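Content type mmCIF, C-alpha atoms, from the file data.cif:
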```
data_start
#
loop_
_atom_site.label_atom_id
_atom_site.label_comp_id
_atom_site.auth_asym_id
_atom_site.auth_seq_id
_atom_site.Cartn_x
_atom_site.Cartn_y
_atom_site.Cartn_z
CA MET W 67 -67.37 -31.68 51.86
CA LYS W 68 -66.24 -35.09 50.58
CA ASN W 69 -67.26 -34.15 47.04
CA SER W 70 -65.27 -30.92 47.33
CA LEU W 71 -62.19 -32.84 48.46
CA LYS W 72 -62.60 -35.30 45.59
CA TYR W 73 -62.86 -32.42 43.13
CA ILE W 74 -59.73 -30.76 44.50
CA ALA W 75 -57.85 -34.07 44.35
CA LEU W 76 -58.89 -34.59 40.72
CA VAL W 77 -57.77 -31.06 39.81
CA ILE W 78 -54.36 -31.63 41.44
CA ILE W 79 -53.92 -34.99 39.69
CA GLY W 80 -54.94 -33.47 36.37
CA THR W 81 -52.47 -30.64 36.82
CA LEU W 82 -49.65 -33.04 37.66
CA VAL W 83 -50.42 -35.21 34.64
CA SER W 84 -50.55 -32.12 32.43
CA CYS W 85 -47.18 -30.89 33.75
CA LYS W 86 -45.66 -34.33 33.25
CA ASP W 87 -46.88 -34.43 29.66
CA GLU W 88 -45.44 -30.98 29.04
CA VAL W 89 -42.04 -31.93 30.46
CA GLN W 90 -41.91 -35.10 28.37
CA LYS W 91 -42.79 -33.40 25.10
CA PRO W 92 -40.33 -34.78 22.52
CA LYS W 93 -37.70 -32.47 21.04
CA VAL W 94 -37.55 -34.58 17.89
CA SER W 95 -40.39 -36.03 15.85
CA TYR W 96 -39.67 -38.88 13.46
CA ASP W 97 -43.11 -38.76 11.84
CA ALA W 98 -42.53 -40.12 8.35
CA SER W 99 -45.45 -38.11 7.00
CA SER W 100 -43.65 -34.85 7.82
CA LYS W 101 -40.73 -33.36 5.94
CA ALA W 102 -37.30 -33.90 7.43
CA ASN W 103 -36.49 -30.22 7.72
CA VAL W 104 -39.70 -28.37 8.49
CA VAL W 105 -39.23 -24.62 8.68
CA GLY W 106 -41.17 -22.89 11.43
CA LYS W 107 -43.98 -20.60 10.38
CA THR W 108 -43.73 -16.88 10.99
CA ASP W 109 -46.46 -15.52 13.26
CA SER W 110 -47.93 -12.57 11.33
CA THR W 111 -49.42 -11.14 14.54
CA GLN W 112 -45.97 -10.48 16.02
CA ILE W 113 -44.33 -7.08 15.64
CA GLU W 114 -40.60 -7.16 14.90
CA VAL W 115 -38.42 -4.61 16.69
CA ALA W 116 -34.69 -4.02 17.11
CA ASP W 117 -32.74 -3.04 20.19
CA LEU W 118 -30.24 -0.21 20.01
CA PRO W 119 -26.93 -1.36 18.47
CA ILE W 120 -24.11 -2.96 20.43
CA GLN W 121 -20.41 -2.65 19.67
CA MET W 122 -18.10 -5.28 21.11
CA GLU W 123 -14.85 -3.86 22.44
CA GLY W 124 -12.07 -3.71 19.85
CA THR W 125 -14.33 -4.36 16.84
CA ASP W 126 -15.49 -2.22 13.92
CA TYR W 127 -19.04 -3.55 13.77
CA LEU W 128 -22.36 -2.69 15.35
CA ILE W 129 -24.75 -5.53 16.19
CA HIS W 130 -28.51 -4.90 16.11
CA PRO W 131 -30.54 -7.55 18.01
CA VAL W 132 -33.90 -8.20 16.32
CA GLY W 133 -36.89 -9.92 17.90
CA ASP W 134 -40.60 -9.77 18.61
CA LEU W 135 -42.20 -7.04 20.67
CA ARG W 136 -43.11 -8.40 24.10
CA VAL W 137 -46.66 -7.89 25.33
CA TYR W 138 -47.38 -8.39 29.03
CA GLU W 139 -50.59 -8.56 31.03
CA ARG W 140 -52.30 -5.26 31.67
CA GLY W 141 -51.03 -3.42 34.70
CA THR W 142 -47.31 -3.84 34.03
CA LYS W 143 -45.67 -0.51 33.32
CA SER W 144 -42.23 0.45 32.07
CA ARG W 145 -40.70 3.88 31.68
CA TYR W 146 -38.61 4.89 28.67
CA GLY W 147 -37.23 8.43 28.83
CA SER W 148 -40.11 10.75 29.68
CA SER W 149 -42.86 8.43 28.38
CA SER W 150 -44.71 5.74 30.31
CA VAL W 151 -45.86 2.70 28.30
CA SER W 152 -48.21 0.02 29.63
CA ASP W 153 -48.18 -3.67 28.71
CA LEU W 154 -45.18 -3.50 26.35
CA SER W 155 -41.46 -4.11 26.63
CA PHE W 156 -39.34 -2.77 23.81
CA THR W 157 -36.22 -4.44 25.22
CA ILE W 158 -35.71 -7.78 23.49
CA SER W 159 -32.15 -8.66 24.52
CA ASN W 160 -29.75 -8.55 27.44
CA LEU W 161 -26.07 -7.71 27.29
CA GLY W 162 -23.49 -9.41 29.49
CA GLU W 163 -19.72 -9.37 29.15
CA TYR W 164 -19.25 -9.88 25.40
CA GLU W 165 -22.53 -11.82 25.22
CA ILE W 166 -26.01 -11.01 23.94
CA THR W 167 -28.87 -13.17 25.22
CA GLY W 168 -32.59 -13.32 24.53
CA TYR W 169 -35.14 -14.95 22.26
CA LEU W 170 -34.03 -13.28 19.04
CA GLN W 171 -35.21 -13.77 15.48
CA ASN W 172 -32.03 -12.38 13.95
CA LEU W 173 -28.96 -10.21 14.41
CA LYS W 174 -28.04 -7.47 11.97
CA PHE W 175 -24.53 -6.18 11.42
CA GLN W 176 -23.26 -2.77 10.38
CA LYS W 177 -19.70 -1.53 9.88
CA VAL W 178 -19.22 1.58 11.99
CA ASP W 179 -18.33 3.77 9.00
CA SER W 180 -21.19 2.49 6.82
CA ASP W 181 -24.97 2.89 6.63
CA SER W 182 -25.37 -0.60 5.16
CA ILE W 183 -26.95 -3.22 7.44
CA HIS W 184 -27.12 -6.94 6.68
CA SER W 185 -28.72 -9.92 8.42
CA LEU W 186 -26.90 -12.80 10.06
CA THR W 187 -29.31 -15.26 8.43
CA ASP W 188 -32.17 -15.19 5.95
CA LYS W 189 -33.78 -18.30 7.47
CA PRO W 190 -36.14 -18.62 10.46
CA ALA W 191 -34.26 -19.15 13.74
CA LEU W 192 -34.46 -18.56 17.47
CA ILE W 193 -31.13 -17.15 18.66
CA LEU W 194 -30.57 -17.67 22.38
CA THR W 195 -26.99 -16.45 22.84
CA ALA W 196 -24.41 -14.61 20.74
CA THR W 197 -20.95 -14.45 22.29
CA TYR W 198 -17.91 -12.53 21.09
CA LEU W 199 -14.76 -14.58 21.72
CA LYS W 200 -12.53 -11.69 22.75
CA PRO W 201 -9.72 -13.88 24.16
CA VAL W 202 -9.39 -15.49 20.73
CA ALA W 203 -9.31 -12.08 19.05
CA ASP W 204 -6.64 -10.84 21.48
CA LYS W 205 -4.48 -13.90 20.90
CA THR W 206 -4.99 -14.68 17.20
CA HIS W 207 -6.64 -11.52 15.76
CA ASN W 208 -9.49 -13.76 14.55
CA GLN W 209 -12.69 -11.95 15.56
CA ILE W 210 -15.30 -14.67 15.98
CA MET W 211 -18.85 -14.90 17.29
CA VAL W 212 -20.37 -18.13 18.63
CA TYR W 213 -24.14 -18.69 18.75
CA THR W 214 -26.54 -21.10 20.39
CA LEU W 215 -29.85 -21.28 18.56
CA ALA W 216 -32.69 -23.39 17.24
CA ASP W 217 -32.73 -23.49 13.44
CA THR W 218 -35.26 -26.22 12.64
CA ASP W 219 -38.73 -27.22 13.82
CA THR W 220 -37.44 -30.59 15.01
CA ASN W 221 -40.54 -31.48 17.05
CA LYS W 222 -42.76 -30.54 14.08
CA ASP W 223 -45.21 -28.39 16.01
CA GLY W 224 -45.23 -25.72 13.30
CA LYS W 225 -42.84 -23.24 14.93
CA ILE W 226 -39.21 -22.81 15.93
CA ASP W 227 -38.92 -22.26 19.66
CA SER W 228 -37.12 -23.46 22.79
CA GLY W 229 -38.82 -26.84 22.41
CA ASP W 230 -36.64 -27.60 19.39
CA ILE W 231 -33.06 -28.86 19.25
CA LYS W 232 -30.40 -26.32 20.24
CA THR W 233 -27.44 -26.04 17.86
CA LEU W 234 -24.05 -24.31 17.68
CA TYR W 235 -22.93 -21.82 15.02
CA LEU W 236 -19.94 -19.57 14.34
CA SER W 237 -19.49 -16.40 12.29
CA ASP W 238 -17.01 -13.61 11.76
CA ILE W 239 -17.59 -10.43 13.77
CA SER W 240 -19.14 -8.99 10.60
CA GLY W 241 -21.81 -11.70 10.60
CA ALA W 242 -20.23 -13.29 7.51
CA ASN W 243 -19.38 -16.99 7.24
CA PHE W 244 -22.34 -17.99 9.40
CA THR W 245 -21.60 -21.70 9.83
CA LYS W 246 -23.29 -24.54 11.67
CA ILE W 247 -20.71 -26.65 13.51
CA SER W 248 -22.92 -29.11 15.40
CA GLU W 249 -24.52 -32.03 13.58
CA ASP W 250 -28.18 -32.05 12.55
CA LEU W 251 -30.53 -33.69 15.08
CA GLN W 252 -27.91 -33.52 17.83
CA GLU W 253 -28.75 -31.40 20.87
CA LEU W 254 -26.02 -29.04 22.07
CA VAL W 255 -25.18 -29.85 25.69
CA ASP W 256 -22.58 -27.15 26.35
CA TRP W 257 -19.49 -25.44 24.99
CA SER W 258 -16.33 -24.00 26.49
CA LEU W 259 -13.41 -21.93 25.24
CA ILE W 260 -9.88 -22.91 26.24
CA GLU W 261 -8.04 -19.61 25.94
CA SER W 262 -4.49 -21.00 26.07
CA ASN W 263 -4.85 -22.84 22.75
CA SER W 264 -7.87 -20.99 21.29
CA ARG W 265 -9.89 -24.17 21.06
CA LEU W 266 -13.67 -24.25 21.30
CA TYR W 267 -14.81 -27.52 22.89
CA PHE W 268 -18.43 -28.62 22.75
CA ARG W 269 -20.61 -31.62 23.52
CA THR W 270 -23.74 -32.80 21.74
CA ILE W 271 -26.13 -35.66 22.41
CA GLU W 272 -27.66 -37.88 19.74
CA ASP W 273 -31.07 -39.51 20.11
CA THR W 274 -29.73 -42.92 19.13
CA ASN W 275 -32.82 -44.85 20.26
CA GLN W 276 -35.05 -42.36 18.41
CA ASN W 277 -37.60 -41.98 21.18
CA GLY W 278 -37.71 -38.21 20.65
CA GLN W 279 -36.06 -37.50 24.02
CA PHE W 280 -32.45 -36.97 25.04
CA ASP W 281 -31.67 -39.23 27.97
CA LYS W 282 -29.06 -41.48 29.59
CA ASN W 283 -29.51 -44.13 26.90
CA ASP W 284 -28.33 -41.79 24.14
CA VAL W 285 -24.78 -41.10 22.94
CA LEU W 286 -22.66 -38.06 23.79
CA HIS W 287 -20.32 -36.68 21.14
CA TYR W 288 -17.19 -34.68 22.06
CA ASN W 289 -15.75 -32.18 19.58
CA TYR W 290 -13.47 -29.18 19.30
CA ILE W 291 -12.46 -26.53 16.76
CA ASP W 292 -9.10 -24.79 16.54
CA LEU W 293 -10.09 -21.13 16.26
CA ALA W 294 -6.50 -20.06 15.64
CA SER W 295 -6.93 -21.58 12.20
CA LYS W 296 -8.70 -19.67 9.44
CA LYS W 297 -10.53 -22.87 8.49
CA TRP W 298 -13.13 -24.05 11.00
CA GLU W 299 -12.77 -27.81 11.10
CA VAL W 300 -14.69 -29.86 13.66
CA LYS W 301 -12.62 -32.65 15.18
CA GLY W 302 -13.94 -35.36 17.45
CA TYR W 303 -12.14 -36.67 20.51
CA LYS W 304 -12.80 -39.43 23.04
CA PRO W 305 -12.16 -38.50 26.68
CA ILE W 306 -13.85 -41.71 27.86
#
```
How would this structure read if it were set down as structure tokens?
Amino acid sequence: MKNSLKYIALVIIGTLVSCKDEVQKPKVSYDASSKANVVGKTDSTQIEVADLPIQMEGTDYLIHPVGDLRVYERGTKSRYGSSSVSDLSFTISNLGEYEITGYLQNLKFQKVDSDSIHSLTDKPALILTATYLKPVADKTHNQIMVYTLADTDTNKDGKIDSGDIKTLYLSDISGANFTKISEDLQELVDWSLIESNSRLYFRTIEDTNQNGQFDKNDVLHYNYIDLASKKWEVKGYKPI
């Protein structure tokens, strides 16, 4: 009985240590032997699929979310039309109010009166959110998308995933002018749109002590962009 209790205790301790190690996994690796901008490898075993297109209200473009086919444990069933499919989910994104979310590899854009489809990016990425800034379009007629995504294998584990630094990008509603507006190696904390002046405010955190983690000892950066302007210029400000 005592041996059994000891074994259980060791298992619990091992699990806790394992969880702690997982939580503390660095988002940034400063290994000098690795290249500064390592591009994540594409998993050839994954099957790429696209969701049905989405059209944001008041725009002339369709957006096709693209990602990997999801495979679940046997026994899970989903129904699509009249067919029943086990173990697979062909839905790779979710649609909220003017926002697409998911773990997407790309977005593809198509003008409604055209058969031509083009990609948002030709580089590996993990797109987490894509938001149409409709209040800006209503006020300024500038139709802009804002994205949160991981674009670099910052922890150098050979893939781009949610364990890497999250960044902020903008593009036109057509997917053109895809532009990174947060600094390299700075983790996006959050962003917010102020509708009255069409300004996009965002915060990032810099790993100033280079311990691979983002914590209270690091520096927060405060920035905004005037989206009423045709030129996207990041400006810093100091609220504290």
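Taking atom CA of Leu199 of chain W as the reference point, atom CA of His287 of chain W is found at 22.8 Å.
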Work out where the centre of an axis-aligned box around every listed atom of segment 269-284 of chain W lies and how long its edges are once 6 Å is added on each side; give both in Å to one decimal as AutoDock Vina command-line options.
```
--center_x -29.2 --center_y -38.2 --center_z 24.0 --size_x 29.1 --size_y 25.2 --size_z 23.2
```
Considering all atoms listed in the file, return as an MDAnalysis selection string whatever protein or nucleic-acid residues lie within 6 Å of segment 158-164 of chain W, sequence-local ones (same chain, fewer than 2 positions apart) excluded. chainID W and resid 166:168 197:198
Tell me which protein, DNA and RNA residues are within 12 Å of Ile113 of chain W, counting only C-alpha atoms, leaving out same-chain ones fewer than 5 positions away, and put them as a PDB file with C-alpha atoms, in the frame of the given file.
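File produced: around32.pdb:
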```pdb
ATOM      1  CA  THR W 108     -43.730 -16.880  10.990  1.00  0.00           C
ATOM      2  CA  VAL W 132     -33.900  -8.200  16.320  1.00  0.00           C
ATOM      3  CA  GLY W 133     -36.890  -9.920  17.900  1.00  0.00           C
ATOM      4  CA  ASP W 134     -40.600  -9.770  18.610  1.00  0.00           C
ATOM      5  CA  LEU W 135     -42.200  -7.040  20.670  1.00  0.00           C
ATOM      6  CA  ARG W 136     -43.110  -8.400  24.100  1.00  0.00           C
ATOM      7  CA  VAL W 137     -46.660  -7.890  25.330  1.00  0.00           C
ATOM      8  CA  LEU W 154     -45.180  -3.500  26.350  1.00  0.00           C
ATOM      9  CA  SER W 155     -41.460  -4.110  26.630  1.00  0.00           C
ATOM     10  CA  PHE W 156     -39.340  -2.770  23.810  1.00  0.00           C
ATOM     11  CA  ILE W 158     -35.710  -7.780  23.490  1.00  0.00           C
ATOM     12  CA  GLN W 171     -35.210 -13.770  15.480  1.00  0.00           C
TER      13      GLN W 171
END
```
For a test of reading the model, state the distance in Å between atom CA of Leu259 of chain W and atom CA of Glu299 of chain W, rounded to one decimal.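 A separation of 15.3 Å between them.
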Atomic distance atom CA of Pro201 of chain W - atom CA of Thr270 of chain W, expressed in Å with one decimal: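 Taking atom CA of Pro201 of chain W as the start and atom CA of Thr270 of chain W as the end point, the length is 23.7 Å.
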Explicit residues for the PyMOL selection byres ((chain W and resi 294) around 12) (as a count of residues only): 27
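Closest to Asp238 of chain W among W:Gln276, W:Thr125, W:Asn221, W:Ser258 is W:Thr125, based on only C-alpha atoms.
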Contacts of segment 119-122 of chain W within 8 Å, all atoms listed in the file, excl. fewer than 5 positions in-chain, as a list of chain:residue names: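 My list of contacting residues is W:Tyr127, W:Leu128, W:Ile129, W:His130, W:Pro131, W:Tyr164, W:Tyr198.
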Convert the current residue selection to file output with C-alpha atoms, as an mmCIF file, in the coordinates of the input.
```cif
data_model
loop_
_atom_site.group_PDB
_atom_site.id
_atom_site.type_symbol
_atom_site.label_atom_id
_atom_site.label_comp_id
_atom_site.auth_asym_id
_atom_site.auth_seq_id
_atom_site.Cartn_x
_atom_site.Cartn_y
_atom_site.Cartn_z
ATOM 1 C CA TYR W 127 -19.040 -3.550 13.770
ATOM 2 C CA LEU W 128 -22.360 -2.690 15.350
ATOM 3 C CA ILE W 129 -24.750 -5.530 16.190
ATOM 4 C CA HIS W 130 -28.510 -4.900 16.110
ATOM 5 C CA PRO W 131 -30.540 -7.550 18.010
ATOM 6 C CA TYR W 164 -19.250 -9.880 25.400
ATOM 7 C CA TYR W 198 -17.910 -12.530 21.090
#
```
Convert the output of the PyMOL selection byres ((chain W and resi 228) around 12) on the shown file into explicit residues, formatted as a PyMOL selection string. chain W and resi 91-93+168-170+191-194+214-221+223+225-227+229-233+253
With a distance cut-off of 9 Å and all atoms listed in the file, select the neighbouring residues of Asp126 of chain W, excluding the residue or stretch itself and same-chain residues fewer than 2 positions from it, and output the selection as a list of chain:residue names.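 In the requested form, the answer reads W:Gln121, W:Met122, W:Glu123, W:Gly124, W:Leu128, W:Gln176, W:Lys177, W:Val178, W:Asp179, W:Ile239, W:Ser240.
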Based on the selection just made, write C-alpha atoms of those residues as an mmCIF file, in the coordinates of the input.
```cif
data_model
loop_
_atom_site.group_PDB
_atom_site.id
_atom_site.type_symbol
_atom_site.label_atom_id
_atom_site.label_comp_id
_atom_site.auth_asym_id
_atom_site.auth_seq_id
_atom_site.Cartn_x
_atom_site.Cartn_y
_atom_site.Cartn_z
ATOM 1 C CA GLN W 121 -20.410 -2.650 19.670
ATOM 2 C CA MET W 122 -18.100 -5.280 21.110
ATOM 3 C CA GLU W 123 -14.850 -3.860 22.440
ATOM 4 C CA GLY W 124 -12.070 -3.710 19.850
ATOM 5 C CA LEU W 128 -22.360 -2.690 15.350
ATOM 6 C CA GLN W 176 -23.260 -2.770 10.380
ATOM 7 C CA LYS W 177 -19.700 -1.530 9.880
ATOM 8 C CA VAL W 178 -19.220 1.580 11.990
ATOM 9 C CA ASP W 179 -18.330 3.770 9.000
ATOM 10 C CA ILE W 239 -17.590 -10.430 13.770
ATOM 11 C CA SER W 240 -19.140 -8.990 10.600
#
```
W:Asp250, W:Asp181, W:Asp117, W:Asp256: which is nearest Asp273 of chain W, counting only C-alpha atoms?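 Using only C-alpha atoms, the shortest distance to Asp273 of chain W belongs to W:Asp250.
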The PyMOL selection byres ((chain W and resi 174) around 6) on the file shown: which residues, as a compact mmCIF listing (two decimals) with C-alpha atoms, keeping the file's coordinate frame?
```
# COMPACT_ATOMS: atom_id res chain seq x y z
CA ILE W 129 -24.75 -5.53 16.19
CA HIS W 130 -28.51 -4.90 16.11
CA LEU W 173 -28.96 -10.21 14.41
CA PHE W 175 -24.53 -6.18 11.42
CA HIS W 184 -27.12 -6.94 6.68
CA SER W 185 -28.72 -9.92 8.42
CA LEU W 186 -26.90 -12.80 10.06
```
